[in-house]
$ cat query08.cif   # mmCIF, C-alpha atoms
data_my_file
#
loop_
_atom_site.label_atom_id
_atom_site.label_comp_id
_atom_site.auth_asym_id
_atom_site.auth_seq_id
_atom_site.Cartn_x
_atom_site.Cartn_y
_atom_site.Cartn_z
CA MET A 277 99.85 -115.90 -59.28
CA PHE A 278 99.54 -115.76 -63.05
CA LYS A 279 102.37 -113.88 -64.73
CA ALA A 280 101.61 -112.46 -68.19
CA GLU A 281 103.93 -110.82 -70.69
CA ASN A 282 104.28 -107.20 -69.58
CA HIS A 283 105.65 -105.66 -72.76
CA LEU A 284 103.01 -103.75 -74.68
CA PRO A 285 103.56 -103.33 -78.43
CA LYS A 286 103.59 -99.72 -79.55
CA GLU A 287 100.45 -100.15 -81.65
CA LEU A 288 98.55 -101.67 -78.71
CA ARG A 289 99.66 -98.86 -76.38
CA PHE A 290 98.43 -96.28 -78.89
CA PHE A 291 95.11 -98.09 -79.28
CA ILE A 292 94.59 -98.37 -75.51
CA VAL A 293 95.39 -94.69 -74.94
CA THR A 294 93.06 -93.68 -77.77
CA VAL A 295 90.16 -95.72 -76.37
CA LEU A 296 90.85 -94.39 -72.88
CA VAL A 297 90.76 -90.77 -74.07
CA VAL A 298 87.56 -91.36 -76.04
CA GLY A 299 85.99 -93.06 -73.00
CA ILE A 300 86.87 -90.09 -70.79
CA VAL A 301 85.43 -87.64 -73.31
CA PHE A 302 82.20 -89.64 -73.58
CA ARG A 303 81.78 -89.42 -69.80
CA PHE A 304 81.55 -85.62 -69.99
CA ILE A 305 80.20 -84.77 -73.43
CA ASN A 306 76.52 -83.74 -73.53
CA ILE A 307 76.25 -84.53 -69.83
CA ASN A 308 73.34 -82.11 -69.48
CA LYS A 309 71.43 -83.27 -72.57
CA LYS A 310 69.91 -86.53 -71.35
CA ASP A 311 66.57 -86.51 -69.58
CA TYR A 312 66.87 -85.87 -65.86
CA TRP A 313 64.88 -88.86 -64.70
CA ASN A 314 62.98 -89.71 -61.51
CA ASP A 315 65.85 -91.01 -59.35
CA GLU A 316 68.02 -88.03 -60.26
CA ILE A 317 65.21 -85.67 -59.30
CA TYR A 318 65.23 -87.26 -55.85
CA THR A 319 69.00 -86.69 -55.72
CA SER A 320 68.39 -82.98 -56.31
CA LEU A 321 65.68 -83.06 -53.65
CA ARG A 322 68.26 -84.44 -51.20
CA ILE A 323 70.65 -81.66 -52.26
CA SER A 324 68.01 -79.07 -51.38
CA GLY A 325 67.54 -80.56 -47.90
CA TYR A 326 63.76 -80.72 -48.25
CA THR A 327 61.64 -83.84 -47.94
CA SER A 328 58.88 -84.93 -50.29
CA ARG A 329 56.35 -84.19 -47.56
CA GLU A 330 57.57 -80.62 -47.22
CA VAL A 331 57.40 -80.14 -50.98
CA LYS A 332 53.81 -81.38 -51.12
CA GLN A 333 52.78 -79.13 -48.23
CA GLN A 334 54.36 -76.03 -49.76
CA VAL A 335 53.70 -76.64 -53.47
CA TYR A 336 50.33 -78.43 -53.69
CA THR A 337 48.29 -75.50 -52.39
CA GLY A 338 46.07 -74.95 -55.42
CA ARG A 339 47.87 -71.84 -56.56
CA GLN A 340 50.09 -71.47 -59.60
CA ILE A 341 53.81 -71.47 -58.86
CA SER A 342 56.72 -70.29 -60.97
CA VAL A 343 59.67 -72.33 -62.23
CA GLU A 344 61.93 -70.40 -59.88
CA GLU A 345 59.83 -71.44 -56.89
CA LEU A 346 59.88 -75.07 -57.96
CA LEU A 347 63.67 -75.04 -58.46
CA ARG A 348 63.97 -74.09 -54.82
CA TYR A 349 63.42 -77.79 -54.10
CA GLN A 350 65.97 -78.92 -56.69
CA SER A 351 68.99 -76.87 -55.69
CA VAL A 352 71.10 -75.97 -52.67
CA ASN A 353 69.06 -73.94 -50.21
CA PRO A 354 70.89 -71.78 -47.66
CA ASP A 355 68.13 -72.47 -45.13
CA LYS A 356 68.95 -76.18 -45.19
CA SER A 357 72.21 -77.96 -44.34
CA VAL A 358 73.95 -81.26 -44.94
CA ILE A 359 72.26 -82.49 -41.76
CA ASP A 360 68.88 -81.88 -43.41
CA THR A 361 70.05 -83.91 -46.40
CA VAL A 362 70.88 -86.86 -44.15
CA LYS A 363 67.63 -86.50 -42.18
CA GLY A 364 65.54 -86.42 -45.34
CA LEU A 365 67.28 -89.52 -46.62
CA ALA A 366 66.73 -91.33 -43.32
CA LYS A 367 63.02 -90.47 -43.29
CA GLU A 368 62.15 -91.24 -46.91
CA GLU A 369 64.88 -93.46 -48.41
CA ALA A 370 66.38 -95.26 -45.45
CA GLN A 371 67.61 -98.06 -47.71
CA LEU A 372 70.16 -95.66 -49.22
CA PRO A 373 73.36 -94.94 -47.22
CA PRO A 374 74.25 -91.24 -46.97
CA LEU A 375 77.84 -90.98 -48.25
CA TYR A 376 77.10 -90.14 -51.89
CA PHE A 377 74.32 -87.70 -51.00
CA VAL A 378 76.54 -85.82 -48.57
CA MET A 379 79.25 -85.63 -51.24
CA VAL A 380 76.88 -84.41 -53.96
CA ARG A 381 75.39 -81.81 -51.58
CA LEU A 382 78.87 -80.40 -50.85
CA TRP A 383 79.75 -80.62 -54.56
CA ALA A 384 76.63 -78.62 -55.49
CA GLN A 385 77.42 -76.01 -52.82
CA TRP A 386 80.81 -75.55 -54.46
CA LEU A 387 79.95 -75.72 -58.17
CA GLY A 388 76.21 -75.15 -58.38
CA SER A 389 73.05 -77.22 -58.68
CA SER A 390 72.62 -77.35 -62.46
CA VAL A 391 72.09 -80.72 -64.15
CA ALA A 392 75.60 -80.67 -65.60
CA MET A 393 77.25 -79.84 -62.28
CA VAL A 394 75.31 -82.41 -60.25
CA ARG A 395 76.03 -85.14 -62.79
CA SER A 396 79.67 -84.11 -63.12
CA LEU A 397 80.46 -85.57 -59.68
CA SER A 398 79.59 -89.05 -60.97
CA ALA A 399 81.62 -88.45 -64.13
CA VAL A 400 84.68 -87.35 -62.15
CA MET A 401 84.37 -90.27 -59.72
CA SER A 402 84.08 -92.72 -62.62
CA LEU A 403 87.62 -91.78 -63.67
CA PHE A 404 88.99 -93.16 -60.39
CA ALA A 405 87.70 -96.58 -61.42
CA PHE A 406 90.52 -96.79 -63.98
CA PRO A 407 93.45 -96.87 -61.51
CA CYS A 408 91.40 -99.02 -59.12
CA LEU A 409 90.76 -101.63 -61.82
CA TYR A 410 94.41 -101.51 -62.89
CA TRP A 411 95.52 -102.13 -59.31
CA LEU A 412 93.07 -105.03 -59.00
CA CYS A 413 94.51 -106.63 -62.14
CA LEU A 414 98.02 -106.30 -60.76
CA GLU A 415 96.92 -108.11 -57.61
CA LEU A 416 95.19 -110.82 -59.61
CA PHE A 417 97.58 -111.34 -62.52
CA ASP A 418 100.74 -109.30 -61.75
CA SER A 419 100.52 -108.07 -65.34
CA PRO A 420 100.45 -104.45 -66.56
CA MET A 421 99.26 -105.74 -69.93
CA VAL A 422 96.16 -107.34 -68.44
CA GLY A 423 95.53 -104.21 -66.38
CA SER A 424 95.86 -101.94 -69.40
CA VAL A 425 93.46 -103.99 -71.50
CA ALA A 426 90.97 -104.17 -68.61
CA VAL A 427 91.07 -100.39 -68.19
CA MET A 428 90.51 -99.98 -71.94
CA LEU A 429 87.44 -102.22 -71.81
CA LEU A 430 86.10 -100.31 -68.81
CA ALA A 431 86.60 -96.99 -70.60
CA ALA A 432 84.74 -98.25 -73.69
CA SER A 433 81.85 -99.88 -71.80
CA PRO A 434 78.52 -98.19 -72.72
CA PHE A 435 77.11 -99.39 -69.39
CA GLN A 436 79.85 -97.60 -67.46
CA VAL A 437 79.52 -94.45 -69.57
CA LEU A 438 75.76 -94.40 -68.95
CA TYR A 439 76.10 -94.55 -65.17
CA ALA A 440 79.00 -92.09 -65.19
CA GLN A 441 76.51 -89.48 -66.42
CA GLU A 442 73.84 -90.19 -63.83
CA ALA A 443 73.36 -88.27 -60.60
CA ARG A 444 73.28 -91.38 -58.43
CA MET A 445 75.77 -93.32 -56.32
CA TYR A 446 76.77 -95.97 -58.88
CA SER A 447 80.13 -94.47 -59.90
CA LEU A 448 81.14 -94.24 -56.25
CA TRP A 449 79.95 -97.79 -55.69
CA SER A 450 82.04 -99.07 -58.61
CA ILE A 451 85.14 -97.55 -57.04
CA GLN A 452 84.28 -99.07 -53.68
CA VAL A 453 83.76 -102.58 -55.08
CA LEU A 454 87.09 -102.44 -56.91
CA LEU A 455 88.91 -101.09 -53.86
CA THR A 456 87.37 -103.65 -51.51
CA SER A 457 88.27 -106.53 -53.83
CA THR A 458 91.82 -105.26 -54.26
CA ALA A 459 92.31 -104.58 -50.55
CA PHE A 460 91.03 -108.08 -49.74
CA LEU A 461 93.51 -109.74 -52.11
CA ARG A 462 96.32 -107.55 -50.82
CA ALA A 463 95.47 -108.34 -47.19
CA ILE A 464 95.54 -112.06 -47.97
CA ARG A 465 98.92 -111.70 -49.67
CA LEU A 466 100.60 -109.50 -47.03
CA ASN A 467 98.66 -110.67 -43.97
CA THR A 468 99.57 -107.63 -41.88
CA LYS A 469 97.46 -105.62 -39.45
CA PHE A 470 97.80 -102.55 -41.66
CA SER A 471 96.61 -104.33 -44.82
CA TRP A 472 93.63 -105.83 -43.00
CA GLY A 473 92.90 -102.40 -41.55
CA ILE A 474 92.79 -100.94 -45.07
CA TYR A 475 90.41 -103.71 -46.08
CA ALA A 476 88.19 -102.95 -43.08
CA ALA A 477 88.14 -99.27 -44.08
CA THR A 478 86.95 -100.15 -47.60
CA ILE A 479 84.17 -102.27 -46.09
CA VAL A 480 83.00 -99.27 -44.05
CA LEU A 481 83.15 -97.15 -47.20
CA GLY A 482 81.02 -99.72 -48.98
CA LEU A 483 78.38 -99.91 -46.26
CA TYR A 484 78.01 -96.13 -46.39
CA THR A 485 77.74 -96.21 -50.20
CA HIS A 486 75.32 -99.03 -51.04
CA LEU A 487 73.77 -101.78 -48.93
CA LEU A 488 74.42 -104.38 -51.64
CA SER A 489 78.11 -104.03 -50.81
CA THR A 490 77.40 -106.67 -48.18
CA LEU A 491 76.93 -109.20 -50.99
CA VAL A 492 80.41 -108.43 -52.34
CA ILE A 493 81.88 -109.01 -48.89
CA ILE A 494 79.96 -112.26 -48.33
CA ILE A 495 80.83 -113.68 -51.75
CA SER A 496 84.52 -112.73 -51.40
CA HIS A 497 84.83 -114.46 -48.04
CA HIS A 498 82.86 -117.48 -49.24
CA TYR A 499 85.27 -118.17 -52.09
CA TYR A 500 88.30 -117.42 -49.93
#

$ encode --input "query08.cif" --output "structure tokens"
Amino acid sequence: MFKAENHLPKELRFFIVTVLVVGIVFRFININKKDYWNDEIYTSLRISGYTSREVKQQVYTGRQISVEELLRYQSVNPDKSVIDTVKGLAKEEAQLPPLYFVMVRLWAQWLGSSVAMVRSLSAVMSLFAFPCLYWLCLELFDSPMVGSVAVMLLAASPFQVLYAQEARMYSLWSIQVLLTSTAFLRAIRLNTKFSWGIYAATIVLGLYTHLLSTLVIIISHHYY
């Protein structure tokens, strides 16, 4: 295992902390200002528990409807439950696992269904990628310096900031990929039943987050 110099100069520590703080702020600032695009609208539809078919039957009747009536299909509805969210996903977007949509439904029940609140779940989850990436770097390089620099780059990445402000599953998936990779390396190093059990749990998490997680698993095992 590569061993790098672990001492961080004071100036570098200050720079890393500054970039990290700015990156965190960028993940939340103006979170409700960007256009709420097509995929995010479907996320809100899942939150409501309705399906596209139900919306078409109830909305496309030839009569004029109000904004309030339309928002009924974009916010938490007391007549629908989490089960309806999962059922709607299974009927219309079966390629998408349910974990994120269940989480965002419960999040919206707690904090509300506004654009800012729905997107804030992704922003909050994106923060957990920092410790996950740091842990992965420790497993790979056994170096806090490498981990700190990697976290700084992640915080400053425009790509990561963009998806941290989107009401989709990508922030959760980033965490899962980092955790699965770290757990795999740790299981190889320790080779205990517990460590392999943790790795298996991260695989399950991945399969319930995004189907492309299977590629991460296949590639990891191929190179191992």

$ residues_around --input "query08.cif" --residues "A:Ile305" --least-positions-apart "5" --cutoff "10 Å" --atoms "all atoms listed in the file" --output "PyMOL selection string"
chain A and resi 300+392+441

$ resolve_selection --input "query08.cif" --expression "the PyMOL selection byres ((chain A and resi 474-484) around 7)" --output "PyMOL selection string"
chain A and resi 373-375+452+455-456+459-460+463+470-473+485-487+489

$ closest_residue --input "query08.cif" --among "A:Leu387, A:Ala399, A:Lys469, A:Val352" --to "A:Leu438" --atoms "only C-alpha atoms"
A:Ala399

$ closest_residue --input "query08.cif" --among "A:Phe404, A:Tyr446, A:Val295, A:Ile323" --to "A:Val378" --atoms "all atoms listed in the file"
A:Ile323

$ resolve_selection --input "query08.cif" --expression "the PyMOL selection byres ((chain A and resi 303) around 12)" --output "short mmCIF file (atom, residue, chain, number, x, y, z; two decimals) with C-alpha atoms, keeping the file's coordinate frame"
data_model
loop_
_atom_site.label_atom_id
_atom_site.label_comp_id
_atom_site.auth_asym_id
_atom_site.auth_seq_id
_atom_site.Cartn_x
_atom_site.Cartn_y
_atom_site.Cartn_z
CA LEU A 296 90.85 -94.39 -72.88
CA VAL A 297 90.76 -90.77 -74.07
CA VAL A 298 87.56 -91.36 -76.04
CA GLY A 299 85.99 -93.06 -73.00
CA ILE A 300 86.87 -90.09 -70.79
CA VAL A 301 85.43 -87.64 -73.31
CA PHE A 302 82.20 -89.64 -73.58
CA PHE A 304 81.55 -85.62 -69.99
CA ILE A 305 80.20 -84.77 -73.43
CA ASN A 306 76.52 -83.74 -73.53
CA ILE A 307 76.25 -84.53 -69.83
CA ASN A 308 73.34 -82.11 -69.48
CA ALA A 392 75.60 -80.67 -65.60
CA ARG A 395 76.03 -85.14 -62.79
CA SER A 396 79.67 -84.11 -63.12
CA LEU A 397 80.46 -85.57 -59.68
CA SER A 398 79.59 -89.05 -60.97
CA ALA A 399 81.62 -88.45 -64.13
CA VAL A 400 84.68 -87.35 -62.15
CA MET A 401 84.37 -90.27 -59.72
CA SER A 402 84.08 -92.72 -62.62
CA LEU A 403 87.62 -91.78 -63.67
CA LEU A 430 86.10 -100.31 -68.81
CA ALA A 431 86.60 -96.99 -70.60
CA ALA A 432 84.74 -98.25 -73.69
CA SER A 433 81.85 -99.88 -71.80
CA PRO A 434 78.52 -98.19 -72.72
CA PHE A 435 77.11 -99.39 -69.39
CA GLN A 436 79.85 -97.60 -67.46
CA VAL A 437 79.52 -94.45 -69.57
CA LEU A 438 75.76 -94.40 -68.95
CA TYR A 439 76.10 -94.55 -65.17
CA ALA A 440 79.00 -92.09 -65.19
CA GLN A 441 76.51 -89.48 -66.42
CA GLU A 442 73.84 -90.19 -63.83
CA SER A 447 80.13 -94.47 -59.90
#

$ closest_residue --input "query08.cif" --among "A:Met428, A:Val343, A:Arg381, A:Phe417" --to "A:Leu461" --atoms "only C-alpha atoms"
A:Phe417

$ atom_distance --input "query08.cif" --atom1 "atom CA of A:Lys332" --atom2 "atom CA of A:Tyr318"
13.7 Å

$ atom_distance --input "query08.cif" --atom1 "atom CA of A:Ala426" --atom2 "atom CA of A:Cys408"
10.8 Å

$ atom_distance --input "query08.cif" --atom1 "atom CA of A:Trp383" --atom2 "atom CA of A:Thr490"
26.9 Å

$ decode --input "query08.cif" --residues "stretch 378-458 of chain A" --atoms "C-alpha atoms" --output "PDB file, in the first residue's frame"
ATOM      1  CA  VAL A 378     -39.029   6.239  -0.920  1.00  0.00           C
ATOM      2  CA  MET A 379     -36.506   8.486   0.839  1.00  0.00           C
ATOM      3  CA  VAL A 380     -37.573  11.622  -1.026  1.00  0.00           C
ATOM      4  CA  ARG A 381     -41.255  10.837  -0.370  1.00  0.00           C
ATOM      5  CA  LEU A 382     -40.594  10.603   3.391  1.00  0.00           C
ATOM      6  CA  TRP A 383     -38.379  13.707   3.211  1.00  0.00           C
ATOM      7  CA  ALA A 384     -41.174  15.681   1.511  1.00  0.00           C
ATOM      8  CA  GLN A 385     -43.698  14.482   4.106  1.00  0.00           C
ATOM      9  CA  TRP A 386     -41.417  15.898   6.786  1.00  0.00           C
ATOM     10  CA  LEU A 387     -40.223  19.157   5.205  1.00  0.00           C
ATOM     11  CA  GLY A 388     -42.655  19.884   2.398  1.00  0.00           C
ATOM     12  CA  SER A 389     -42.847  19.413  -1.359  1.00  0.00           C
ATOM     13  CA  SER A 390     -41.409  22.715  -2.577  1.00  0.00           C
ATOM     14  CA  VAL A 391     -38.612  22.680  -5.162  1.00  0.00           C
ATOM     15  CA  ALA A 392     -36.053  23.724  -2.556  1.00  0.00           C
ATOM     16  CA  MET A 393     -37.099  21.065  -0.058  1.00  0.00           C
ATOM     17  CA  VAL A 394     -37.235  18.224  -2.590  1.00  0.00           C
ATOM     18  CA  ARG A 395     -33.820  19.140  -3.978  1.00  0.00           C
ATOM     19  CA  SER A 396     -32.344  19.644  -0.519  1.00  0.00           C
ATOM     20  CA  LEU A 397     -32.314  15.874   0.086  1.00  0.00           C
ATOM     21  CA  SER A 398     -29.801  15.450  -2.750  1.00  0.00           C
ATOM     22  CA  ALA A 399     -27.750  18.370  -1.431  1.00  0.00           C
ATOM     23  CA  VAL A 400     -27.619  16.913   2.082  1.00  0.00           C
ATOM     24  CA  MET A 401     -26.756  13.435   0.794  1.00  0.00           C
ATOM     25  CA  SER A 402     -23.959  14.877  -1.361  1.00  0.00           C
ATOM     26  CA  LEU A 403     -22.176  15.976   1.828  1.00  0.00           C
ATOM     27  CA  PHE A 404     -21.806  12.346   2.909  1.00  0.00           C
ATOM     28  CA  ALA A 405     -19.676  11.752  -0.175  1.00  0.00           C
ATOM     29  CA  PHE A 406     -16.849  13.713   1.487  1.00  0.00           C
ATOM     30  CA  PRO A 407     -16.180  11.279   4.371  1.00  0.00           C
ATOM     31  CA  CYS A 408     -16.821   8.316   2.048  1.00  0.00           C
ATOM     32  CA  LEU A 409     -14.194   9.535  -0.425  1.00  0.00           C
ATOM     33  CA  TYR A 410     -11.765  10.276   2.409  1.00  0.00           C
ATOM     34  CA  TRP A 411     -12.203   6.742   3.750  1.00  0.00           C
ATOM     35  CA  LEU A 412     -11.665   5.296   0.265  1.00  0.00           C
ATOM     36  CA  CYS A 413      -8.394   7.223  -0.072  1.00  0.00           C
ATOM     37  CA  LEU A 414      -7.226   5.899   3.281  1.00  0.00           C
ATOM     38  CA  GLU A 415      -7.887   2.356   2.085  1.00  0.00           C
ATOM     39  CA  LEU A 416      -6.104   2.993  -1.200  1.00  0.00           C
ATOM     40  CA  PHE A 417      -3.153   5.141  -0.126  1.00  0.00           C
ATOM     41  CA  ASP A 418      -3.141   5.177   3.715  1.00  0.00           C
ATOM     42  CA  SER A 419      -2.625   8.934   3.426  1.00  0.00           C
ATOM     43  CA  PRO A 420      -4.714  11.696   5.033  1.00  0.00           C
ATOM     44  CA  MET A 421      -3.063  14.159   2.655  1.00  0.00           C
ATOM     45  CA  VAL A 422      -4.308  12.324  -0.424  1.00  0.00           C
ATOM     46  CA  GLY A 423      -7.747  12.011   1.159  1.00  0.00           C
ATOM     47  CA  SER A 424      -7.903  15.713   1.996  1.00  0.00           C
ATOM     48  CA  VAL A 425      -6.927  16.781  -1.507  1.00  0.00           C
ATOM     49  CA  ALA A 426      -9.420  14.333  -3.037  1.00  0.00           C
ATOM     50  CA  VAL A 427     -12.225  15.718  -0.865  1.00  0.00           C
ATOM     51  CA  MET A 428     -11.255  19.250  -1.892  1.00  0.00           C
ATOM     52  CA  LEU A 429     -11.453  18.324  -5.577  1.00  0.00           C
ATOM     53  CA  LEU A 430     -14.831  16.663  -5.037  1.00  0.00           C
ATOM     54  CA  ALA A 431     -16.149  19.749  -3.245  1.00  0.00           C
ATOM     55  CA  ALA A 432     -15.014  22.024  -6.085  1.00  0.00           C
ATOM     56  CA  SER A 433     -16.284  19.814  -8.920  1.00  0.00           C
ATOM     57  CA  PRO A 434     -18.978  21.652 -10.963  1.00  0.00           C
ATOM     58  CA  PHE A 435     -20.330  18.261 -12.050  1.00  0.00           C
ATOM     59  CA  GLN A 436     -20.859  17.182  -8.438  1.00  0.00           C
ATOM     60  CA  VAL A 437     -22.387  20.539  -7.486  1.00  0.00           C
ATOM     61  CA  LEU A 438     -24.814  20.284 -10.417  1.00  0.00           C
ATOM     62  CA  TYR A 439     -26.106  16.853  -9.417  1.00  0.00           C
ATOM     63  CA  ALA A 440     -26.195  17.808  -5.736  1.00  0.00           C
ATOM     64  CA  GLN A 441     -28.946  20.287  -6.662  1.00  0.00           C
ATOM     65  CA  GLU A 442     -31.042  17.863  -8.682  1.00  0.00           C
ATOM     66  CA  ALA A 443     -34.031  15.945  -7.371  1.00  0.00           C
ATOM     67  CA  ARG A 444     -32.791  12.589  -8.624  1.00  0.00           C
ATOM     68  CA  MET A 445     -30.888   9.643  -7.160  1.00  0.00           C
ATOM     69  CA  TYR A 446     -27.367  10.599  -8.289  1.00  0.00           C
ATOM     70  CA  SER A 447     -26.097  11.953  -4.954  1.00  0.00           C
ATOM     71  CA  LEU A 448     -27.220   8.763  -3.229  1.00  0.00           C
ATOM     72  CA  TRP A 449     -25.615   6.699  -5.969  1.00  0.00           C
ATOM     73  CA  SER A 450     -22.295   8.538  -5.552  1.00  0.00           C
ATOM     74  CA  ILE A 451     -22.278   7.632  -1.866  1.00  0.00           C
ATOM     75  CA  GLN A 452     -23.103   4.020  -2.668  1.00  0.00           C
ATOM     76  CA  VAL A 453     -20.315   3.664  -5.255  1.00  0.00           C
ATOM     77  CA  LEU A 454     -17.764   5.102  -2.834  1.00  0.00           C
ATOM     78  CA  LEU A 455     -18.979   2.901   0.025  1.00  0.00           C
ATOM     79  CA  THR A 456     -19.021  -0.248  -2.097  1.00  0.00           C
ATOM     80  CA  SER A 457     -15.495   0.394  -3.378  1.00  0.00           C
ATOM     81  CA  THR A 458     -14.204   1.107   0.117  1.00  0.00           C
TER      82      THR A 458
END
